[in-house]
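Peer 1: Sending over data_34.txt (compact mmCIF, C-alpha atoms).
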# COMPACT_ATOMS: atom_id res chain seq x y z
CA MET Q 1 133.81 159.89 44.83
CA LYS Q 2 133.34 160.58 48.54
CA ASP Q 3 133.35 156.86 49.34
CA PHE Q 4 136.30 156.28 47.02
CA ILE Q 5 138.43 158.94 48.69
CA GLY Q 6 137.48 157.76 52.18
CA GLU Q 7 138.37 154.14 51.49
CA MET Q 8 141.59 155.10 49.72
CA VAL Q 9 142.79 157.42 52.49
CA GLY Q 10 141.79 155.05 55.28
CA THR Q 11 143.46 152.05 53.66
CA PHE Q 12 146.58 154.12 53.00
CA ILE Q 13 146.90 155.13 56.66
CA LEU Q 14 146.13 151.66 57.99
CA THR Q 15 148.62 149.97 55.65
CA PHE Q 16 151.37 152.54 56.01
CA LEU Q 17 151.33 152.65 59.81
CA GLY Q 18 151.15 148.87 60.11
CA CYS Q 19 153.84 148.09 57.53
CA SER Q 20 156.07 150.79 59.01
CA SER Q 21 156.03 148.98 62.34
CA VAL Q 22 157.33 145.84 60.59
CA ALA Q 23 159.99 147.87 58.75
CA VAL Q 24 161.17 149.54 61.97
CA SER Q 25 161.32 146.13 63.65
CA VAL Q 26 163.36 144.53 60.87
CA LEU Q 27 165.70 147.44 60.15
CA PHE Q 28 166.25 148.94 63.58
CA GLY Q 29 165.13 146.29 66.07
CA GLU Q 30 162.82 148.77 67.78
CA TYR Q 31 159.95 146.29 68.23
CA ASN Q 32 160.91 143.05 69.88
CA SER Q 33 157.68 141.04 69.76
CA ILE Q 34 154.54 140.35 67.76
CA PHE Q 35 152.63 141.79 70.71
CA GLN Q 36 154.11 145.23 70.05
CA ILE Q 37 153.61 145.07 66.29
CA GLY Q 38 150.06 143.77 66.77
CA LEU Q 39 149.26 146.75 68.98
CA VAL Q 40 150.53 149.14 66.30
CA TRP Q 41 148.29 147.46 63.74
CA GLY Q 42 145.35 147.71 66.14
CA ILE Q 43 146.02 151.41 66.69
CA ALA Q 44 146.35 151.92 62.92
CA VAL Q 45 142.95 150.32 62.33
CA THR Q 46 141.35 152.37 65.11
CA LEU Q 47 142.68 155.69 63.83
CA SER Q 48 141.82 154.89 60.22
CA VAL Q 49 138.24 154.00 61.05
CA PHE Q 50 137.80 157.08 63.27
CA LEU Q 51 139.10 159.28 60.44
CA THR Q 52 136.97 157.90 57.61
CA ARG Q 53 133.78 156.39 59.05
CA HIS Q 54 131.72 159.52 58.30
CA ILE Q 55 133.09 159.73 54.74
CA CYS Q 56 132.53 156.12 53.70
CA TYR Q 57 131.65 152.76 55.27
CA ALA Q 58 135.28 152.56 56.49
CA HIS Q 59 135.72 148.92 55.48
CA LEU Q 60 139.37 149.54 54.45
CA ASN Q 61 139.51 145.85 53.56
CA PRO Q 62 138.11 144.02 50.50
CA ALA Q 63 137.22 141.02 52.65
CA VAL Q 64 135.04 143.21 54.88
CA SER Q 65 133.36 144.77 51.83
CA VAL Q 66 132.54 141.30 50.45
CA ALA Q 67 131.08 140.30 53.83
CA MET Q 68 128.85 143.38 53.89
CA VAL Q 69 127.48 142.54 50.45
CA VAL Q 70 126.85 138.90 51.43
CA ALA Q 71 125.07 140.06 54.59
CA GLY Q 72 122.97 142.57 52.65
CA ARG Q 73 124.56 145.65 54.24
CA MET Q 74 125.91 147.06 50.98
CA LYS Q 75 124.93 146.88 47.30
CA ALA Q 76 127.11 144.64 45.15
CA ASN Q 77 127.54 147.35 42.50
CA MET Q 78 129.61 149.35 45.01
CA LEU Q 79 132.29 146.63 45.24
CA PRO Q 80 134.37 147.68 42.19
CA SER Q 81 134.73 151.22 43.53
CA TYR Q 82 135.57 150.03 47.04
CA PHE Q 83 138.07 147.47 45.76
CA ALA Q 84 139.78 150.03 43.51
CA ALA Q 85 140.06 152.55 46.35
CA GLN Q 86 141.36 150.01 48.85
CA PHE Q 87 144.00 148.54 46.54
CA LEU Q 88 145.08 151.99 45.36
CA GLY Q 89 145.44 153.18 48.96
CA ALA Q 90 147.54 150.12 49.81
CA ILE Q 91 149.78 150.61 46.74
CA MET Q 92 150.31 154.25 47.75
CA ALA Q 93 151.21 153.10 51.26
CA GLY Q 94 153.75 150.60 49.95
CA THR Q 95 155.25 153.29 47.72
CA MET Q 96 155.61 155.76 50.59
CA LEU Q 97 157.11 153.02 52.75
CA TYR Q 98 159.76 152.37 50.10
CA ILE Q 99 160.49 156.08 49.64
CA LEU Q 100 161.04 156.63 53.37
CA PHE Q 101 162.89 153.43 54.20
CA GLY Q 102 164.53 152.66 50.84
CA PRO Q 103 168.01 153.95 51.80
CA SER Q 104 167.86 152.12 55.14
CA ILE Q 105 166.78 148.92 53.40
CA ALA Q 106 169.72 149.20 51.00
CA GLN Q 107 172.11 149.70 53.93
CA TYR Q 108 170.59 146.76 55.79
CA GLU Q 109 171.03 144.53 52.73
CA LEU Q 110 174.64 145.69 52.36
CA THR Q 111 175.42 145.06 56.03
CA HIS Q 112 173.86 141.59 56.00
CA ASP Q 113 175.14 140.56 52.52
CA ILE Q 114 171.63 140.27 51.12
CA VAL Q 115 171.18 140.42 47.36
CA ARG Q 116 167.74 141.78 46.53
CA GLY Q 117 165.72 139.31 44.51
CA THR Q 118 167.32 136.21 46.02
CA THR Q 119 165.70 133.91 48.56
CA ALA Q 120 167.64 135.64 51.34
CA SER Q 121 165.94 138.94 50.50
CA VAL Q 122 162.69 137.61 51.97
CA ASP Q 123 164.13 139.10 55.17
CA THR Q 124 163.47 142.58 53.78
CA ALA Q 125 160.54 141.75 51.47
CA ARG Q 126 158.47 140.83 54.54
CA MET Q 127 158.26 144.52 55.38
CA PHE Q 128 155.88 144.85 52.43
CA GLY Q 129 153.93 141.61 51.90
CA GLU Q 130 153.41 138.63 54.21
CA PHE Q 131 155.09 135.25 54.05
CA TYR Q 132 154.44 131.81 55.46
CA PRO Q 133 155.91 130.43 57.57
CA ASN Q 134 156.69 133.76 59.23
CA PRO Q 135 160.36 134.44 58.34
CA GLY Q 136 160.85 135.94 61.77
CA ASP Q 137 159.95 132.75 63.63
CA ALA Q 138 162.26 129.78 63.13
CA ASN Q 139 159.87 127.47 65.00
CA ALA Q 140 156.93 128.00 62.63
CA SER Q 141 156.01 125.05 60.42
CA VAL Q 142 153.21 126.05 58.06
CA SER Q 143 151.96 124.33 54.91
CA LEU Q 144 149.85 126.03 52.25
CA PRO Q 145 146.55 124.52 53.53
CA LEU Q 146 147.39 125.46 57.12
CA ALA Q 147 148.31 128.99 56.05
CA MET Q 148 144.97 129.32 54.25
CA LEU Q 149 143.15 128.04 57.32
CA ALA Q 150 144.94 130.48 59.61
CA GLU Q 151 144.21 133.50 57.40
CA GLY Q 152 140.64 132.43 56.68
CA PHE Q 153 139.84 131.69 60.32
CA GLY Q 154 141.45 134.92 61.50
CA THR Q 155 139.48 136.98 58.98
CA MET Q 156 136.27 135.16 59.89
CA MET Q 157 136.76 136.10 63.53
CA LEU Q 158 137.51 139.71 62.61
CA VAL Q 159 134.35 140.07 60.52
CA LEU Q 160 132.23 138.43 63.23
CA PHE Q 161 133.62 140.97 65.69
CA ILE Q 162 132.80 143.81 63.31
CA PHE Q 163 129.20 142.64 62.94
CA GLY Q 164 128.83 142.05 66.66
CA LEU Q 165 130.34 145.40 67.61
CA THR Q 166 128.32 147.50 65.16
CA GLU Q 167 124.96 145.86 64.49
CA ASP Q 168 121.91 147.12 66.41
CA CYS Q 169 120.60 143.59 66.95
CA ASN Q 170 123.36 143.17 69.55
CA VAL Q 171 122.09 145.22 72.47
CA GLY Q 172 125.43 144.71 74.22
CA LYS Q 173 127.45 146.46 71.52
CA PRO Q 174 129.60 149.44 72.56
CA SER Q 175 128.57 153.01 71.76
CA SER Q 176 129.34 154.38 68.32
CA ASP Q 177 132.19 156.47 69.74
CA LEU Q 178 133.98 153.36 71.02
CA GLN Q 179 133.34 150.94 68.16
CA PRO Q 180 136.54 151.76 66.20
CA LEU Q 181 138.61 151.21 69.35
CA PHE Q 182 137.13 147.76 69.91
CA ILE Q 183 137.58 146.83 66.24
CA GLY Q 184 141.24 147.82 66.57
CA LEU Q 185 141.57 145.65 69.67
CA ALA Q 186 139.97 142.77 67.76
CA VAL Q 187 142.56 143.12 64.98
CA ALA Q 188 145.42 143.20 67.47
CA SER Q 189 144.08 140.15 69.33
CA ILE Q 190 143.82 138.12 66.13
CA ILE Q 191 147.31 139.16 65.01
CA PHE Q 192 148.74 137.81 68.26
CA PHE Q 193 147.94 134.21 67.29
CA VAL Q 194 147.96 134.33 63.46
CA ALA Q 195 151.14 136.37 62.92
CA PRO Q 196 153.56 133.69 64.21
CA LEU Q 197 152.26 131.48 61.38
CA THR Q 198 151.59 133.75 58.40
CA GLN Q 199 152.41 137.31 59.55
CA ALA Q 200 148.60 137.88 59.74
CA CYS Q 201 147.24 139.56 56.62
CA LEU Q 202 143.45 139.47 57.16
CA ASN Q 203 143.23 142.08 54.38
CA PRO Q 204 143.88 141.35 50.67
CA ALA Q 205 144.55 145.01 49.83
CA ARG Q 206 147.01 145.44 52.67
CA ASP Q 207 149.00 142.48 51.32
CA PHE Q 208 148.80 142.94 47.56
CA GLY Q 209 149.49 146.70 47.41
CA PRO Q 210 152.85 146.73 49.23
CA ARG Q 211 153.79 143.33 47.75
CA LEU Q 212 153.35 144.77 44.24
CA VAL Q 213 155.61 147.68 45.17
CA ALA Q 214 158.27 145.25 46.44
CA TYR Q 215 157.97 143.14 43.29
CA LEU Q 216 158.56 146.18 41.10
CA ALA Q 217 161.29 147.62 43.34
CA GLY Q 218 163.71 144.78 42.71
CA TRP Q 219 162.57 141.88 44.87
CA GLY Q 220 160.89 140.23 41.89
CA HIS Q 221 159.74 136.68 42.59
CA ALA Q 222 161.35 136.84 46.05
CA ALA Q 223 158.37 139.01 46.97
CA LEU Q 224 156.10 135.99 46.43
CA PRO Q 225 155.82 133.32 49.17
CA ASP Q 226 156.19 130.26 46.94
CA ALA Q 227 156.08 128.93 43.40
CA VAL Q 228 152.45 127.76 43.52
CA GLY Q 229 150.77 131.14 43.89
CA GLY Q 230 150.57 130.95 47.68
CA TRP Q 231 150.36 134.72 47.97
CA PHE Q 232 147.00 134.58 46.16
CA TRP Q 233 145.53 131.53 47.90
CA VAL Q 234 146.64 132.52 51.40
CA TYR Q 235 146.47 136.30 51.44
CA ILE Q 236 143.69 137.14 48.98
CA LEU Q 237 141.35 134.17 48.56
CA ALA Q 238 141.45 132.79 52.13
CA PRO Q 239 140.49 136.13 53.81
CA ILE Q 240 137.60 136.59 51.37
CA LEU Q 241 136.37 133.04 52.00
CA GLY Q 242 136.68 133.57 55.75
CA SER Q 243 134.76 136.84 55.64
CA THR Q 244 132.03 135.22 53.54
CA VAL Q 245 131.61 132.44 56.09
CA ALA Q 246 131.38 135.04 58.85
CA ALA Q 247 128.70 136.99 56.97
CA ILE Q 248 126.62 133.83 56.48
CA LEU Q 249 127.01 132.81 60.13
CA PHE Q 250 125.95 136.23 61.33
CA LYS Q 251 123.06 136.76 58.91
CA PHE Q 252 121.45 133.34 59.27
CA ILE Q 253 122.37 132.30 62.83
CA LEU Q 254 123.62 135.04 65.14
CA GLU Q 255 121.42 137.89 63.94
CA PRO Q 256 118.14 135.90 64.17
CA ILE Q 257 119.13 134.68 67.64
CA ASN Q 258 119.82 138.23 68.78
CA LYS Q 259 116.55 139.55 67.34
CA ASN Q 260 114.47 136.78 68.93
CA LYS Q 261 116.09 137.10 72.34
CA ASP Q 262 113.85 138.58 75.04
Show how you would write the structure in this file as structure tokens.
Peer 2:
Amino acid sequence: MKDFIGEMVGTFILTFLGCSSVAVSVLFGEYNSIFQIGLVWGIAVTLSVFLTRHICYAHLNPAVSVAMVVAGRMKANMLPSYFAAQFLGAIMAGTMLYILFGPSIAQYELTHDIVRGTTASVDTARMFGEFYPNPGDANASVSLPLAMLAEGFGTMMLVLFIFGLTEDCNVGKPSSDLQPLFIGLAVASIIFFVAPLTQACLNPARDFGPRLVAYLAGWGHAALPDAVGGWFWVYILAPILGSTVAAILFKFILEPINKNKD
């Protein structure tokens, strides 16, 4: 129960703060660049990990939990509990986002002649779940395979950073007090180059929870990126595959090198 509550609360805070920055950008124009939104996400990750790391493992991300099991850092029988807590926290975050910004979203749709549930309503649905190409960047040209590669590669880098920043075999890792800060900076850095393509998920719970809320709140199929299940392949499967690759790379290549280094 302690781990469940920690993962649920941490994922809620991470998802709510990050998605709120997107909502504020879309509705009020307060953030003018991916750099600013990426920093908010990095801060959200840092604060969430600081808050929960002594309650649970503070994965706050199903892809990270899978990587820890693959690398032998966590027992596989803990995955169902961690997954349930992470997805529940993300759903709660999406719900709170809709409660707070619902009236503003309705006004925005009225002002811009957007009918919720139509293709045009992707402009507001992107405050909840991610889309590819990024609806906010007219220059982005992203196919389904490229979107999967971007999300998988970004998540792989994130998990490699997490291992490198926290494992004792890396004698150059930062102190325990600074590790959450560097993990947050890693998230922000990855968002800077992935977000122009796919909005940068890197976290299946963070995407599915708010997306489910949007689906049920009237966006319907407009809350889904395409008609071939792209939301699943790009934002759930690809991050998990990327994190698995990272765990294998670290366990069988980077960790042995670090341990054998004089």
Peer 1: For a test of reading the model, state the distance in Å between atom CA of Pro204 of chain Q and atom CA of Glu151 of chain Q, rounded to one decimal.
Peer 2: 10.3 Å
Peer 1: What's around segment 35-49 of chain Q at 10 Å? Count all atoms listed in the file, leave out sequence neighbours fewer than 6 positions away in its own chain, and write the answer as an mmCIF file with C-alpha atoms, in the coordinates of the input.
Peer 2:
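Generated output (part-v1.cif):
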data_model
loop_
_atom_site.group_PDB
_atom_site.id
_atom_site.type_symbol
_atom_site.label_atom_id
_atom_site.label_comp_id
_atom_site.auth_asym_id
_atom_site.auth_seq_id
_atom_site.Cartn_x
_atom_site.Cartn_y
_atom_site.Cartn_z
ATOM 1 C CA GLY Q 6 137.480 157.760 52.180
ATOM 2 C CA GLU Q 7 138.370 154.140 51.490
ATOM 3 C CA VAL Q 9 142.790 157.420 52.490
ATOM 4 C CA GLY Q 10 141.790 155.050 55.280
ATOM 5 C CA THR Q 11 143.460 152.050 53.660
ATOM 6 C CA PHE Q 12 146.580 154.120 53.000
ATOM 7 C CA ILE Q 13 146.900 155.130 56.660
ATOM 8 C CA LEU Q 14 146.130 151.660 57.990
ATOM 9 C CA THR Q 15 148.620 149.970 55.650
ATOM 10 C CA PHE Q 16 151.370 152.540 56.010
ATOM 11 C CA LEU Q 17 151.330 152.650 59.810
ATOM 12 C CA GLY Q 18 151.150 148.870 60.110
ATOM 13 C CA CYS Q 19 153.840 148.090 57.530
ATOM 14 C CA SER Q 20 156.070 150.790 59.010
ATOM 15 C CA SER Q 21 156.030 148.980 62.340
ATOM 16 C CA VAL Q 22 157.330 145.840 60.590
ATOM 17 C CA VAL Q 24 161.170 149.540 61.970
ATOM 18 C CA SER Q 25 161.320 146.130 63.650
ATOM 19 C CA ILE Q 55 133.090 159.730 54.740
ATOM 20 C CA CYS Q 56 132.530 156.120 53.700
ATOM 21 C CA TYR Q 57 131.650 152.760 55.270
ATOM 22 C CA ALA Q 58 135.280 152.560 56.490
ATOM 23 C CA HIS Q 59 135.720 148.920 55.480
ATOM 24 C CA LEU Q 60 139.370 149.540 54.450
ATOM 25 C CA LEU Q 178 133.980 153.360 71.020
ATOM 26 C CA GLN Q 179 133.340 150.940 68.160
ATOM 27 C CA PRO Q 180 136.540 151.760 66.200
ATOM 28 C CA LEU Q 181 138.610 151.210 69.350
ATOM 29 C CA PHE Q 182 137.130 147.760 69.910
ATOM 30 C CA ILE Q 183 137.580 146.830 66.240
ATOM 31 C CA GLY Q 184 141.240 147.820 66.570
ATOM 32 C CA LEU Q 185 141.570 145.650 69.670
ATOM 33 C CA ALA Q 186 139.970 142.770 67.760
ATOM 34 C CA VAL Q 187 142.560 143.120 64.980
ATOM 35 C CA ALA Q 188 145.420 143.200 67.470
ATOM 36 C CA SER Q 189 144.080 140.150 69.330
ATOM 37 C CA ILE Q 190 143.820 138.120 66.130
ATOM 38 C CA ILE Q 191 147.310 139.160 65.010
ATOM 39 C CA PHE Q 192 148.740 137.810 68.260
ATOM 40 C CA PHE Q 193 147.940 134.210 67.290
ATOM 41 C CA ALA Q 195 151.140 136.370 62.920
ATOM 42 C CA GLN Q 199 152.410 137.310 59.550
ATOM 43 C CA ALA Q 200 148.600 137.880 59.740
#
Peer 1: Restricting the calculation to all atoms listed in the file, which member of Q:Arg206, Q:Lys173, Q:Lys251, Q:Arg116 is positioned closest to His221 of chain Q?
Peer 2: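 Closest to His221 of chain Q of all the choices is Q:Arg116.
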Peer 1: Q:Thr111, Q:Thr124, Q:Thr155, Q:Asn258: which is nearest Val245 of chain Q, counting only C-alpha atoms?
Peer 2: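 Smallest distance to Val245 of chain Q is found for Q:Thr155.
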Peer 1: So the first atom is atom CA of Pro256 of chain Q and the second is atom CA of Leu237 of chain Q; what is the distance between them in Å, to one decimal place?
Peer 2: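 Between atom CA of Pro256 of chain Q and atom CA of Leu237 of chain Q the gap works out to 28.0 Å.
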Peer 1: At a cut-off of 9 Å, using only C-alpha atoms, what residues contact Ala67 of chain Q? Leave out same-chain residues fewer than 3 positions from it and give the result as number ranges by chain.
Peer 2: Q: 62-64, 70-74, 159, 240, 242-248
Peer 1: Suppose we keep C-alpha atoms; can you now write the selection as a PDB file, in the frame of the given file?
Peer 2:
ATOM      1  CA  PRO Q  62     138.110 144.020  50.500  1.00  0.00           C
ATOM      2  CA  ALA Q  63     137.220 141.020  52.650  1.00  0.00           C
ATOM      3  CA  VAL Q  64     135.040 143.210  54.880  1.00  0.00           C
ATOM      4  CA  VAL Q  70     126.850 138.900  51.430  1.00  0.00           C
ATOM      5  CA  ALA Q  71     125.070 140.060  54.590  1.00  0.00           C
ATOM      6  CA  GLY Q  72     122.970 142.570  52.650  1.00  0.00           C
ATOM      7  CA  ARG Q  73     124.560 145.650  54.240  1.00  0.00           C
ATOM      8  CA  MET Q  74     125.910 147.060  50.980  1.00  0.00           C
ATOM      9  CA  VAL Q 159     134.350 140.070  60.520  1.00  0.00           C
ATOM     10  CA  ILE Q 240     137.600 136.590  51.370  1.00  0.00           C
ATOM     11  CA  GLY Q 242     136.680 133.570  55.750  1.00  0.00           C
ATOM     12  CA  SER Q 243     134.760 136.840  55.640  1.00  0.00           C
ATOM     13  CA  THR Q 244     132.030 135.220  53.540  1.00  0.00           C
ATOM     14  CA  VAL Q 245     131.610 132.440  56.090  1.00  0.00           C
ATOM     15  CA  ALA Q 246     131.380 135.040  58.850  1.00  0.00           C
ATOM     16  CA  ALA Q 247     128.700 136.990  56.970  1.00  0.00           C
ATOM     17  CA  ILE Q 248     126.620 133.830  56.480  1.00  0.00           C
TER      18      ILE Q 248
END
Peer 1: Kindly indicate which residue among Q:Glu167, Q:Asp226, Q:Glu30, Q:Glu130 lies nearest to Asp207 of chain Q, using all atoms listed in the file for the distances.
Peer 2: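 Selected residue with least distance to Asp207 of chain Q: Q:Glu130.
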Peer 1: Would you mind putting N, CA and C atoms back on segment 101-120 of chain Q and writing the result as an mmCIF file, in the coordinates of the input?
Peer 2:
data_model
loop_
_atom_site.group_PDB
_atom_site.id
_atom_site.type_symbol
_atom_site.label_atom_id
_atom_site.label_comp_id
_atom_site.auth_asym_id
_atom_site.auth_seq_id
_atom_site.Cartn_x
_atom_site.Cartn_y
_atom_site.Cartn_z
ATOM 1 N N PHE Q 101 161.953 154.403 53.649
ATOM 2 C CA PHE Q 101 162.890 153.430 54.200
ATOM 3 C C PHE Q 101 163.835 152.826 53.159
ATOM 4 N N GLY Q 102 163.699 153.225 51.888
ATOM 5 C CA GLY Q 102 164.530 152.660 50.840
ATOM 6 C C GLY Q 102 166.023 152.720 51.122
ATOM 7 N N PRO Q 103 166.568 153.890 51.485
ATOM 8 C CA PRO Q 103 168.010 153.950 51.800
ATOM 9 C C PRO Q 103 168.402 153.058 52.972
ATOM 10 N N SER Q 104 167.565 152.980 53.991
ATOM 11 C CA SER Q 104 167.860 152.120 55.140
ATOM 12 C C SER Q 104 167.800 150.651 54.760
ATOM 13 N N ILE Q 105 166.867 150.304 53.875
ATOM 14 C CA ILE Q 105 166.780 148.920 53.400
ATOM 15 C C ILE Q 105 168.046 148.547 52.634
ATOM 16 N N ALA Q 106 168.504 149.463 51.772
ATOM 17 C CA ALA Q 106 169.720 149.200 51.000
ATOM 18 C C ALA Q 106 170.925 149.018 51.927
ATOM 19 N N GLN Q 107 171.004 149.831 52.970
ATOM 20 C CA GLN Q 107 172.110 149.700 53.930
ATOM 21 C C GLN Q 107 172.012 148.395 54.707
ATOM 22 N N TYR Q 108 170.803 148.016 55.077
ATOM 23 C CA TYR Q 108 170.590 146.760 55.790
ATOM 24 C C TYR Q 108 171.022 145.578 54.926
ATOM 25 N N GLU Q 109 170.653 145.616 53.648
ATOM 26 C CA GLU Q 109 171.030 144.530 52.730
ATOM 27 C C GLU Q 109 172.544 144.475 52.558
ATOM 28 N N LEU Q 110 173.185 145.641 52.498
ATOM 29 C CA LEU Q 110 174.640 145.690 52.360
ATOM 30 C C LEU Q 110 175.322 145.124 53.593
ATOM 31 N N THR Q 111 174.823 145.512 54.768
ATOM 32 C CA THR Q 111 175.420 145.060 56.030
ATOM 33 C C THR Q 111 175.279 143.564 56.214
ATOM 34 N N HIS Q 112 174.134 143.005 55.774
ATOM 35 C CA HIS Q 112 173.860 141.590 56.000
ATOM 36 C C HIS Q 112 174.119 140.737 54.745
ATOM 37 N N ASP Q 113 174.798 141.300 53.759
ATOM 38 C CA ASP Q 113 175.140 140.560 52.520
ATOM 39 C C ASP Q 113 173.919 139.945 51.860
ATOM 40 N N ILE Q 114 172.864 140.727 51.752
ATOM 41 C CA ILE Q 114 171.630 140.270 51.120
ATOM 42 C C ILE Q 114 171.548 140.852 49.713
ATOM 43 N N VAL Q 115 171.359 139.986 48.740
ATOM 44 C CA VAL Q 115 171.180 140.420 47.360
ATOM 45 C C VAL Q 115 169.682 140.460 47.066
ATOM 46 N N ARG Q 116 169.175 141.625 46.775
ATOM 47 C CA ARG Q 116 167.740 141.780 46.530
ATOM 48 C C ARG Q 116 167.298 140.922 45.352
ATOM 49 N N GLY Q 117 166.234 140.198 45.546
ATOM 50 C CA GLY Q 117 165.720 139.310 44.510
ATOM 51 C C GLY Q 117 166.039 137.855 44.761
ATOM 52 N N THR Q 118 166.989 137.588 45.677
ATOM 53 C CA THR Q 118 167.320 136.210 46.020
ATOM 54 C C THR Q 118 166.427 135.738 47.163
ATOM 55 N N THR Q 119 166.508 134.461 47.467
ATOM 56 C CA THR Q 119 165.700 133.910 48.560
ATOM 57 C C THR Q 119 165.998 134.604 49.873
ATOM 58 N N ALA Q 120 167.262 134.978 50.088
ATOM 59 C CA ALA Q 120 167.640 135.640 51.340
ATOM 60 C C ALA Q 120 166.954 136.992 51.507
#
